Amino acid sequence: MQEKFLEMLWPFRHGISAWIFQQRALAKPVFINSLLGHPAFQNLHIKVGDKAELSKAFTQNDVVTFSSLTGDTNPLHLNEEFAKKSRFGRTIVHGVLINGLISAVLGTKMPGQGCIFLSQEIRFPAPLYVGEEVTAAAEVKRLKGSVAHISVSCQVRESGKTVMEGMVKVMVPES
């Protein structure tokens, strides 16, 4: 009984940081298989210069669904008659929906599973129209500890038009 009591006091006698370190050292890595048979968490290694991308053409249904989920019912995205009178001439895809492709690249390809989106600074130099296929690209520019500084962009495949660009910071899981 006294031994159990002394074990409970260990963190307070040696400091919480030492106790956390001891607990991590004692923990065994656990791998959980997803439905596809891939590890749900894996050690990730990235380096400056690593790149990844994915492509998608947003449909009007994607825009309507996003609008419904977020409450962003701006007629520039939903009403063709309203959008015809705008500087864009037709409805445009939500910028944040485009930005979601960057999140997909970071979370599924590079750095991959377990990364945490910390911050972003992005610009939308041109509109993306429904049906245009866009490629979201990411490239590691700098690593500082466990934080990766990643250049991101989204370009229309056919025309090369840039519809989003900027920098993001993500926390990369420790190996």
# chains A, B, ... in the order shown; residues from 1 in each chain; ligands from 1
>>> residues_around(residues="Pro127 in chain A", least_positions_apart="3", cutoff="12 Å", atoms="only C-alpha atoms", output="PyMOL selection string")
chain A and resi 76-77+86-96+98+123-124+130+132+134+154-156+161-164
>>> residues_around(residues="Ser55 in chain A", least_positions_apart="6", cutoff="7 Å", atoms="only C-alpha atoms", output="PyMOL selection string")
chain A and resi 133-136
>>> residues_around(residues="Gln120 in chain A", least_positions_apart="5", cutoff="12 Å", atoms="only C-alpha atoms", output="PyMOL selection string")
chain A and resi 96+99+102-103+148-153+164-170
>>> write_last_selection(atoms="N, CA and C atoms", output="short mmCIF file (atom, residue, chain, number, x, y, z; two decimals), in the first residue's frame")
data_model
loop_
_atom_site.label_atom_id
_atom_site.label_comp_id
_atom_site.auth_asym_id
_atom_site.auth_seq_id
_atom_site.Cartn_x
_atom_site.Cartn_y
_atom_site.Cartn_z
N VAL A 96 -12.61 29.31 -49.62
CA VAL A 96 -12.31 28.38 -48.53
C VAL A 96 -12.48 26.93 -48.98
N ASN A 99 -9.32 26.18 -50.64
CA ASN A 99 -8.31 26.01 -49.59
C ASN A 99 -8.41 24.63 -48.94
N ILE A 102 -5.89 22.17 -50.10
CA ILE A 102 -4.57 22.27 -49.48
C ILE A 102 -4.56 21.43 -48.20
N SER A 103 -5.61 21.54 -47.42
CA SER A 103 -5.72 20.74 -46.20
C SER A 103 -5.66 19.25 -46.54
N ALA A 148 6.73 22.72 -40.04
CA ALA A 148 7.10 22.83 -41.45
C ALA A 148 6.45 24.08 -42.03
N HIS A 149 7.24 24.88 -42.73
CA HIS A 149 6.74 26.05 -43.46
C HIS A 149 6.60 25.59 -44.91
N ILE A 150 5.37 25.64 -45.41
CA ILE A 150 5.07 25.02 -46.70
C ILE A 150 4.44 26.04 -47.64
N SER A 151 5.01 26.15 -48.83
CA SER A 151 4.46 26.99 -49.89
C SER A 151 3.31 26.21 -50.53
N VAL A 152 2.16 26.88 -50.73
CA VAL A 152 1.00 26.21 -51.30
C VAL A 152 0.45 27.03 -52.47
N SER A 153 -0.16 26.33 -53.42
CA SER A 153 -0.82 27.01 -54.53
C SER A 153 -1.88 26.10 -55.13
N MET A 164 -5.19 30.37 -56.04
CA MET A 164 -4.85 30.51 -54.63
C MET A 164 -3.37 30.28 -54.47
N GLU A 165 -2.72 31.05 -53.57
CA GLU A 165 -1.30 30.86 -53.28
C GLU A 165 -1.00 31.41 -51.90
N GLY A 166 0.05 30.88 -51.29
CA GLY A 166 0.44 31.38 -49.98
C GLY A 166 1.38 30.45 -49.25
N MET A 167 1.43 30.65 -47.94
CA MET A 167 2.29 29.85 -47.05
C MET A 167 1.46 29.33 -45.90
N VAL A 168 1.75 28.13 -45.48
CA VAL A 168 1.10 27.55 -44.30
C VAL A 168 2.18 27.00 -43.37
N LYS A 169 1.79 26.85 -42.11
CA LYS A 169 2.65 26.20 -41.14
C LYS A 169 1.89 25.01 -40.58
N VAL A 170 2.56 23.87 -40.53
CA VAL A 170 1.94 22.68 -39.95
C VAL A 170 2.91 22.06 -38.95
#
>>> atom_distance(atom1="CA of Pro125 in chain A", atom2="CA of Gly160 in chain A")
12.5 Å
>>> closest_residue(among="A:Ile116, A:Ile122, A:Val64, A:Leu128", to="Ser146 in chain A", atoms="only C-alpha atoms")
A:Ile116
>>> atom_distance(atom1="CA of Leu54 in chain A", atom2="CA of Met110 in chain A")
10.8 Å
>>> atom_distance(atom1="CA of Leu143 in chain A", atom2="CA of Val48 in chain A")
6.8 Å
>>> select_by_dssp(residues="range 23-158 of chain A", states="strand (DSSP E or B)", output="compact mmCIF listing (two decimals) with C-alpha atoms, in the first residue's frame")
# COMPACT_ATOMS: atom_id res chain seq x y z
CA ASN A 33 -5.12 -0.44 -38.89
CA PRO A 39 -1.50 2.27 -40.31
CA LYS A 51 6.38 18.16 -52.76
CA ALA A 52 2.87 16.79 -53.11
CA GLU A 53 -0.25 17.61 -55.08
CA LEU A 54 -3.78 16.54 -55.89
CA SER A 55 -6.37 17.62 -58.45
CA LYS A 56 -10.12 18.10 -58.44
CA ALA A 57 -12.87 19.75 -60.47
CA ILE A 92 -17.40 31.14 -58.56
CA ILE A 116 -1.70 19.71 -37.44
CA PHE A 117 -2.53 22.86 -39.43
CA LEU A 118 -1.21 25.81 -37.38
CA SER A 119 -1.57 28.89 -39.57
CA GLN A 120 -1.88 30.17 -43.09
CA GLU A 121 -1.40 33.30 -45.17
CA ILE A 122 -3.14 32.95 -48.52
CA ARG A 123 -4.25 35.06 -51.47
CA TYR A 129 -15.20 28.52 -61.83
CA GLU A 133 -9.91 21.24 -62.79
CA VAL A 134 -7.56 22.68 -60.20
CA THR A 135 -4.31 21.23 -58.86
CA ALA A 136 -3.42 21.92 -55.24
CA ALA A 137 0.35 21.80 -54.69
CA ALA A 138 2.52 22.01 -51.58
CA GLU A 139 6.30 22.25 -51.15
CA VAL A 140 8.28 22.25 -47.90
CA LYS A 141 10.36 25.44 -47.82
CA ARG A 142 11.67 25.39 -44.25
CA LEU A 143 11.69 23.15 -41.18
CA LYS A 144 12.00 24.64 -37.71
CA VAL A 147 7.02 22.93 -37.64
CA ALA A 148 7.10 22.83 -41.45
CA HIS A 149 6.74 26.05 -43.46
CA ILE A 150 5.07 25.02 -46.70
CA SER A 151 4.46 26.99 -49.89
CA VAL A 152 1.00 26.21 -51.30
CA SER A 153 -0.82 27.01 -54.53
CA CYS A 154 -3.84 26.01 -56.56
CA GLN A 155 -3.68 26.31 -60.35
CA VAL A 156 -6.21 25.55 -63.05
>>> closest_residue(among="A:Arg157, A:Val105, A:Thr73, A:Gly112", to="Gly131 in chain A", atoms="only C-alpha atoms")
A:Arg157
>>> closest_residue(among="A:Ala104, A:Ala83, A:Val172, A:Leu97", to="Gly145 in chain A", atoms="only C-alpha atoms")
A:Val172
